[in-house]
>>> print(open('input-v6.txt').read())   # compact mmCIF, C-alpha atoms
# COMPACT_ATOMS: atom_id res chain seq x y z
CA MET K 1363 0.00 0.00 0.00
CA GLN K 1364 0.99 3.63 -0.36
CA SER K 1365 2.34 5.43 2.69
CA ALA K 1366 -0.75 7.63 2.88
CA GLU K 1367 -2.96 4.55 3.27
CA TYR K 1368 -0.84 3.20 6.15
CA LEU K 1369 -1.04 6.56 7.92
CA LYS K 1370 -4.80 6.61 7.40
CA LEU K 1371 -5.06 3.06 8.72
CA ALA K 1372 -3.10 3.86 11.87
CA GLU K 1373 -5.39 6.82 12.49
CA VAL K 1374 -8.74 4.99 12.29
CA GLU K 1375 -8.02 1.29 12.96
CA ASP K 1376 -8.79 1.46 16.67
CA ARG K 1377 -12.18 3.14 16.14
CA MET K 1378 -13.62 2.18 12.74
CA TRP K 1379 -16.46 -0.36 12.81
CA TYR K 1380 -14.93 -2.55 10.08
CA PHE K 1381 -11.77 -3.32 12.03
CA GLN K 1382 -13.61 -3.81 15.31
CA ALA K 1383 -15.83 -6.38 13.56
CA LEU K 1384 -12.93 -8.13 11.81
CA HIS K 1385 -10.84 -8.31 14.96
CA GLY K 1386 -13.85 -9.59 16.88
CA ARG K 1387 -14.34 -12.48 14.44
CA ILE K 1388 -10.68 -13.36 14.72
CA ALA K 1389 -10.77 -13.20 18.52
CA ASP K 1390 -13.78 -15.52 18.64
CA GLN K 1391 -11.99 -18.16 16.56
CA LEU K 1392 -8.73 -17.89 18.48
CA ALA K 1393 -10.55 -18.28 21.79
CA ALA K 1394 -12.44 -21.33 20.51
CA ARG K 1395 -9.55 -23.07 18.75
CA VAL K 1396 -6.38 -21.98 20.58
CA GLY K 1397 -7.63 -21.37 24.10
CA SER K 1398 -6.32 -18.91 26.65
CA THR K 1399 -2.62 -19.29 25.82
CA GLY K 1400 -0.73 -19.75 22.59
CA GLU K 1401 1.84 -18.45 20.12
CA ILE K 1402 0.12 -16.41 17.42
CA LEU K 1403 1.58 -14.86 14.27
CA ASP K 1404 -0.06 -11.87 12.63
CA ALA K 1405 1.24 -12.45 9.10
CA GLY K 1406 0.97 -9.02 7.53
CA CYS K 1407 0.38 -7.05 10.71
CA GLY K 1408 0.17 -3.64 9.05
CA THR K 1409 0.09 -0.87 11.64
CA GLY K 1410 -0.57 -3.29 14.50
CA GLY K 1411 -4.26 -2.76 15.15
CA LEU K 1412 -5.14 -6.45 15.55
CA ILE K 1413 -2.32 -7.09 18.02
CA ARG K 1414 -3.06 -3.87 19.87
CA ARG K 1415 -6.71 -4.82 20.39
CA LEU K 1416 -6.42 -8.56 21.04
CA GLY K 1417 -3.26 -8.28 23.11
CA ARG K 1418 -5.36 -6.44 25.66
CA LYS K 1419 -8.25 -8.89 25.38
CA LEU K 1420 -6.30 -11.99 26.43
CA PRO K 1421 -2.73 -11.48 27.69
CA GLY K 1422 -2.01 -15.22 27.47
CA TRP K 1423 -1.80 -14.94 23.68
CA ARG K 1424 1.86 -14.31 22.80
CA TRP K 1425 1.97 -12.30 19.60
CA THR K 1426 4.50 -12.02 16.80
CA GLY K 1427 3.91 -9.61 13.93
CA ILE K 1428 5.59 -9.31 10.55
CA ASP K 1429 5.08 -6.95 7.63
CA MET K 1430 7.20 -6.13 4.60
CA ASP K 1431 6.56 -2.38 4.69
CA PRO K 1432 9.03 -0.43 6.88
CA LEU K 1433 6.53 2.34 7.63
CA ALA K 1434 3.89 -0.17 8.73
CA VAL K 1435 6.36 -1.90 11.06
CA ARG K 1436 7.48 1.43 12.52
CA LEU K 1437 3.88 2.48 13.18
CA ALA K 1438 3.10 -0.94 14.67
CA CYS K 1439 6.07 -0.66 17.03
CA GLU K 1440 4.89 2.77 18.17
CA ARG K 1441 1.32 1.60 18.68
CA VAL K 1442 1.87 -1.86 20.18
CA GLY K 1443 5.08 -1.67 22.21
CA GLU K 1444 6.72 -4.44 24.23
CA PRO K 1445 6.72 -7.43 24.65
CA VAL K 1446 5.29 -8.12 21.17
CA ARG K 1447 7.89 -9.26 18.65
CA LEU K 1448 7.61 -7.25 15.44
CA ALA K 1449 9.75 -7.76 12.36
CA GLU K 1450 10.12 -6.53 8.80
CA GLY K 1451 9.83 -9.37 6.31
CA SER K 1452 7.69 -11.13 3.73
CA VAL K 1453 4.79 -13.44 4.50
CA THR K 1454 5.81 -15.49 1.44
CA SER K 1455 9.17 -16.32 3.09
CA LEU K 1456 8.66 -16.26 6.84
CA PRO K 1457 11.85 -16.12 8.97
CA TYR K 1458 10.56 -18.65 11.52
CA PRO K 1459 11.26 -22.37 12.01
CA ASN K 1460 8.76 -25.07 11.15
CA GLY K 1461 6.03 -25.54 13.74
CA SER K 1462 6.59 -22.26 15.59
CA PHE K 1463 2.99 -21.13 16.10
CA ASP K 1464 -0.38 -22.34 17.35
CA ALA K 1465 -2.21 -19.94 15.04
CA VAL K 1466 -1.49 -17.72 12.05
CA VAL K 1467 -3.74 -14.79 11.19
CA SER K 1468 -3.93 -13.32 7.68
CA ALA K 1469 -6.31 -10.37 7.87
CA ASP K 1470 -6.86 -8.87 4.39
CA VAL K 1471 -3.28 -9.73 3.42
CA LEU K 1472 -3.46 -12.44 0.72
CA TYR K 1473 -5.37 -9.89 -1.32
CA HIS K 1474 -2.23 -7.76 -1.68
CA LEU K 1475 0.15 -10.51 -2.79
CA ASP K 1476 1.25 -11.56 -6.25
CA ASP K 1477 1.77 -15.10 -4.93
CA ASP K 1478 -0.96 -15.79 -2.38
CA ALA K 1479 -0.32 -19.56 -2.57
CA ALA K 1480 3.25 -19.05 -1.31
CA ALA K 1481 1.94 -17.19 1.74
CA VAL K 1482 -0.56 -19.96 2.52
CA ASN K 1483 2.17 -22.60 2.17
CA GLU K 1484 4.40 -20.64 4.54
CA ALA K 1485 1.59 -20.36 7.07
CA PHE K 1486 1.15 -24.13 6.90
CA ARG K 1487 4.88 -24.66 7.44
CA VAL K 1488 5.21 -22.48 10.55
CA LEU K 1489 2.09 -23.90 12.21
CA ARG K 1490 2.30 -26.71 14.72
CA PRO K 1491 0.22 -29.85 14.05
CA GLY K 1492 -3.34 -28.98 14.99
CA GLY K 1493 -2.64 -25.27 14.49
CA VAL K 1494 -5.13 -23.00 12.76
CA LEU K 1495 -4.94 -20.43 9.99
CA ILE K 1496 -7.51 -17.63 10.12
CA VAL K 1497 -8.00 -15.74 6.86
CA ASN K 1498 -10.07 -12.74 5.81
CA VAL K 1499 -10.14 -11.52 2.20
CA PRO K 1500 -12.32 -9.19 0.10
CA ALA K 1501 -15.10 -10.99 -1.77
CA TYR K 1502 -16.19 -11.12 -5.41
CA PRO K 1503 -13.94 -10.25 -8.37
CA TRP K 1504 -16.81 -8.28 -9.91
CA LEU K 1505 -16.73 -5.88 -6.94
CA TRP K 1506 -13.27 -4.58 -7.91
CA SER K 1507 -13.20 -0.77 -7.61
CA TYR K 1508 -11.24 2.37 -6.81
CA HIS K 1509 -10.87 1.11 -3.23
CA ASP K 1510 -8.89 -1.96 -4.30
CA GLU K 1511 -6.63 0.16 -6.48
CA ALA K 1512 -6.04 2.69 -3.70
CA VAL K 1513 -4.91 0.04 -1.19
CA GLY K 1514 -2.80 -1.95 -3.67
CA GLY K 1515 -5.02 -5.01 -4.02
CA ARG K 1516 -4.24 -7.78 -6.52
CA ARG K 1517 -7.48 -9.74 -6.64
CA ARG K 1518 -10.79 -10.29 -4.86
CA TYR K 1519 -11.92 -13.82 -3.93
CA ARG K 1520 -14.78 -16.21 -4.36
CA ARG K 1521 -15.47 -18.37 -1.33
CA ALA K 1522 -14.88 -21.60 -3.27
CA GLY K 1523 -11.61 -20.25 -4.60
CA LEU K 1524 -10.32 -19.45 -1.14
CA VAL K 1525 -11.25 -22.92 0.12
CA LYS K 1526 -9.42 -24.46 -2.85
CA LEU K 1527 -6.33 -22.34 -2.11
CA LEU K 1528 -6.24 -23.49 1.52
CA THR K 1529 -6.83 -27.18 0.83
CA ALA K 1530 -4.16 -27.16 -1.89
CA ALA K 1531 -1.63 -26.13 0.77
CA GLY K 1532 -2.55 -29.13 2.92
CA PHE K 1533 -5.09 -27.60 5.30
CA SER K 1534 -8.10 -29.64 6.37
CA ALA K 1535 -11.44 -28.88 8.02
CA VAL K 1536 -11.70 -25.58 6.14
CA CYS K 1537 -14.72 -23.58 7.27
CA ALA K 1538 -15.53 -20.53 5.15
CA THR K 1539 -18.34 -18.00 5.22
CA HIS K 1540 -19.05 -14.57 3.87
CA ALA K 1541 -19.02 -11.62 6.28
CA ASN K 1542 -20.35 -8.06 6.32
CA LEU K 1543 -23.70 -9.07 4.82
CA SER K 1544 -25.63 -6.18 6.36
CA VAL K 1545 -23.52 -3.50 4.69
CA PHE K 1546 -23.13 -5.35 1.40
CA PRO K 1547 -25.79 -3.39 -0.54
CA LEU K 1548 -24.20 -0.12 0.64
CA VAL K 1549 -20.73 -1.28 -0.43
CA VAL K 1550 -21.98 -2.29 -3.87
CA ALA K 1551 -23.79 1.01 -4.33
CA ARG K 1552 -20.84 3.12 -3.18
CA ARG K 1553 -18.26 1.36 -5.31
CA LYS K 1554 -20.28 0.62 -8.43
CA LEU K 1555 -22.92 3.34 -8.77
CA PHE K 1556 -21.22 6.51 -7.54
CA PRO K 1557 -18.04 8.34 -8.60
CA ALA K 1558 -14.80 7.44 -6.84
CA PRO K 1559 -13.95 9.72 -3.90
CA LYS K 1560 -10.95 12.01 -4.06
CA GLY K 1561 -9.48 10.65 -0.83
CA GLY K 1562 -8.43 7.23 -2.12
CA SER K 1563 -9.80 4.24 -0.23
CA ASP K 1564 -12.93 3.80 1.90
CA VAL K 1565 -10.82 3.50 5.06
CA GLU K 1566 -12.38 6.36 7.00
CA LEU K 1567 -14.57 6.95 10.02
CA GLN K 1568 -18.26 7.59 9.52
CA PRO K 1569 -20.27 9.95 11.76
CA ALA K 1570 -20.61 8.55 15.27
CA PRO K 1571 -24.29 7.45 14.94
CA VAL K 1572 -23.50 5.61 11.71
CA GLU K 1573 -20.47 3.92 13.25
CA ALA K 1574 -22.64 2.80 16.18
CA VAL K 1575 -25.27 1.25 13.91
CA LEU K 1576 -22.64 -0.52 11.80
CA ARG K 1577 -20.91 -1.87 14.92
CA THR K 1578 -24.21 -3.24 16.18
CA LEU K 1579 -25.04 -4.96 12.89
CA ALA K 1580 -21.54 -6.42 12.68
CA ALA K 1581 -21.74 -7.69 16.27
CA LEU K 1582 -24.96 -9.56 15.43
CA GLU K 1583 -23.29 -11.14 12.41
CA ASN K 1584 -20.23 -12.09 14.45
CA GLY K 1585 -22.42 -13.77 17.03
CA TRP K 1586 -24.08 -15.83 14.31
CA ILE K 1587 -20.70 -16.87 12.87
CA ARG K 1588 -19.31 -17.59 16.35
CA ASP K 1589 -22.20 -19.97 17.00
CA GLY K 1590 -21.46 -21.90 13.81
CA GLY K 1591 -23.72 -20.08 11.38
CA GLY K 1592 -22.74 -18.99 7.89
CA LEU K 1593 -23.67 -16.02 5.72
CA PRO K 1594 -24.54 -16.58 2.03
CA PHE K 1595 -23.01 -13.34 0.78
CA GLY K 1596 -21.12 -10.29 2.00
CA SER K 1597 -18.20 -8.03 1.14
CA SER K 1598 -15.61 -10.34 2.77
CA VAL K 1599 -14.81 -14.05 2.90
CA PHE K 1600 -13.73 -15.37 6.31
CA ALA K 1601 -12.16 -18.79 6.70
CA VAL K 1602 -10.59 -20.98 9.37
CA ALA K 1603 -8.43 -23.96 8.42
CA THR K 1604 -6.59 -26.59 10.44
CA LYS K 1605 -3.18 -28.16 9.94
CA ALA K 1606 -3.96 -31.83 10.51
>>> encode(input="input-v6.txt", output="structure tokens")
Amino acid sequence: MQSAEYLKLAEVEDRMWYFQALHGRIADQLAARVGSTGEILDAGCGTGGLIRRLGRKLPGWRWTGIDMDPLAVRLACERVGEPVRLAEGSVTSLPYPNGSFDAVVSADVLYHLDDDAAAVNEAFRVLRPGGVLIVNVPAYPWLWSYHDEAVGGRRRYRRAGLVKLLTAAGFSAVCATHANLSVFPLVVARRKLFPAPKGGSDVELQPAPVEAVLRTLAALENGWIRDGGGLPFGSSVFAVATKA
């Protein structure tokens, strides 16, 4: 991504409904599948928002973060602090031994890569047997827009395509669902029916009442997914896969 997008992300990530919802889904799956303690890698940690939020939620999760962008790593270090281990490096060639982690998180990262299969293979390698990979990606190739170009995206995903990518790397018990169903019509309208905004991506805070409504809708969706439900469509695809 461009530097301006990382700075924008660092500014709004702690408060914007989208990231609160995404981090909540990830936290639910980590709590259910890893438990109260574990080694977790945020593969493509960006400006550190996920680690910052979930590190407070359950201190027993020991976090490592890696990102290839120097500015992102610097911002993550400023925002997260010790004792989280943060490093500059590529998720397609992770500098960690085999079987180092109980869970790997890839939150809207595969989307940015030329070789997303290499990143999934690396996640498989550094996971311990029984470890889990949690993935979130933007949905539907036909929804490509100014937003994807502004944040340096490479592709959007179909749910079946993401499942195929994960199983090809050796993962089993892949569970995948769409997410952000409630806002999907608004996303489609904004990105397909109206002119592109001058400010680049859609990463921005909405007025407080709107943010509150969106957080509530997302919380209801997250509860449904947490209880084992699936959503038939939405602007994201969310998947959890196990290394047998």
>>> closest_residue(input="input-v6.txt", among="K:Val1499, K:Ala1512, K:Val1482, K:Leu1576", to="K:Ser1365", atoms="only C-alpha atoms")
K:Ala1512
>>> closest_residue(input="input-v6.txt", among="K:Ser1563, K:Leu1543, K:Arg1577, K:Gly1397", to="K:Gly1592", atoms="only C-alpha atoms")
K:Leu1543
>>> residues_around(input="input-v6.txt", residues="stretch 1530-1535 of chain K", least_positions_apart="5", cutoff="7 Å", atoms="only C-alpha atoms", output="PDB file with C-alpha atoms, keeping the file's coordinate frame")
ATOM      1  CA  VAL K1482      -0.560 -19.960   2.520  1.00  0.00           C
ATOM      2  CA  ASN K1483       2.170 -22.600   2.170  1.00  0.00           C
ATOM      3  CA  ALA K1603      -8.430 -23.960   8.420  1.00  0.00           C
ATOM      4  CA  THR K1604      -6.590 -26.590  10.440  1.00  0.00           C
ATOM      5  CA  LYS K1605      -3.180 -28.160   9.940  1.00  0.00           C
ATOM      6  CA  ALA K1606      -3.960 -31.830  10.510  1.00  0.00           C
TER       7      ALA K1606
END
>>> residues_around(input="input-v6.txt", residues="K:Ala1501", least_positions_apart="3", cutoff="6 Å", atoms="all atoms listed in the file", output="count of residues only")
6
>>> closest_residue(input="input-v6.txt", among="K:Ala1480, K:Val1545, K:Cys1439, K:Leu1392", to="K:Val1575", atoms="all atoms listed in the file")
K:Val1545
>>> atom_distance(input="input-v6.txt", atom1="atom CA of K:Leu1524", atom2="atom CA of K:Asp1477")
13.4 Å
>>> closest_residue(input="input-v6.txt", among="K:Arg1521, K:Ala1438, K:Ile1496, K:Ile1587", to="K:Glu1375", atoms="all atoms listed in the file")
K:Ala1438
>>> residues_around(input="input-v6.txt", residues="stretch 1377-1385 of chain K", least_positions_apart="3", cutoff="7 Å", atoms="all atoms listed in the file", output="list in words")
Val1374, Ile1388, Ala1389, Leu1412, Leu1567, Glu1573, Leu1576, Arg1577, Ala1580 and Ala1581 of chain K
>>> atom_distance(input="input-v6.txt", atom1="atom CA of K:Ala1541", atom2="atom CA of K:Val1572")
18.6 Å
>>> atom_distance(input="input-v6.txt", atom1="atom CA of K:Trp1504", atom2="atom CA of K:Val1549")
12.4 Å
>>> residues_near_point(input="input-v6.txt", point="(-16.3, -17.7, 11.6)", cutoff="8 Å", atoms="all atoms listed in the file", output="ChimeraX atom specification")
/K:1387-1388,1390-1391,1537-1539,1584,1587-1588,1590-1592,1600-1602
>>> write_last_selection(input="input-v6.txt", atoms="C-alpha atoms", output="mmCIF file, keeping the file's coordinate frame")
data_model
loop_
_atom_site.group_PDB
_atom_site.id
_atom_site.type_symbol
_atom_site.label_atom_id
_atom_site.label_comp_id
_atom_site.auth_asym_id
_atom_site.auth_seq_id
_atom_site.Cartn_x
_atom_site.Cartn_y
_atom_site.Cartn_z
ATOM 1 C CA ARG K 1387 -14.340 -12.480 14.440
ATOM 2 C CA ILE K 1388 -10.680 -13.360 14.720
ATOM 3 C CA ASP K 1390 -13.780 -15.520 18.640
ATOM 4 C CA GLN K 1391 -11.990 -18.160 16.560
ATOM 5 C CA CYS K 1537 -14.720 -23.580 7.270
ATOM 6 C CA ALA K 1538 -15.530 -20.530 5.150
ATOM 7 C CA THR K 1539 -18.340 -18.000 5.220
ATOM 8 C CA ASN K 1584 -20.230 -12.090 14.450
ATOM 9 C CA ILE K 1587 -20.700 -16.870 12.870
ATOM 10 C CA ARG K 1588 -19.310 -17.590 16.350
ATOM 11 C CA GLY K 1590 -21.460 -21.900 13.810
ATOM 12 C CA GLY K 1591 -23.720 -20.080 11.380
ATOM 13 C CA GLY K 1592 -22.740 -18.990 7.890
ATOM 14 C CA PHE K 1600 -13.730 -15.370 6.310
ATOM 15 C CA ALA K 1601 -12.160 -18.790 6.700
ATOM 16 C CA VAL K 1602 -10.590 -20.980 9.370
#
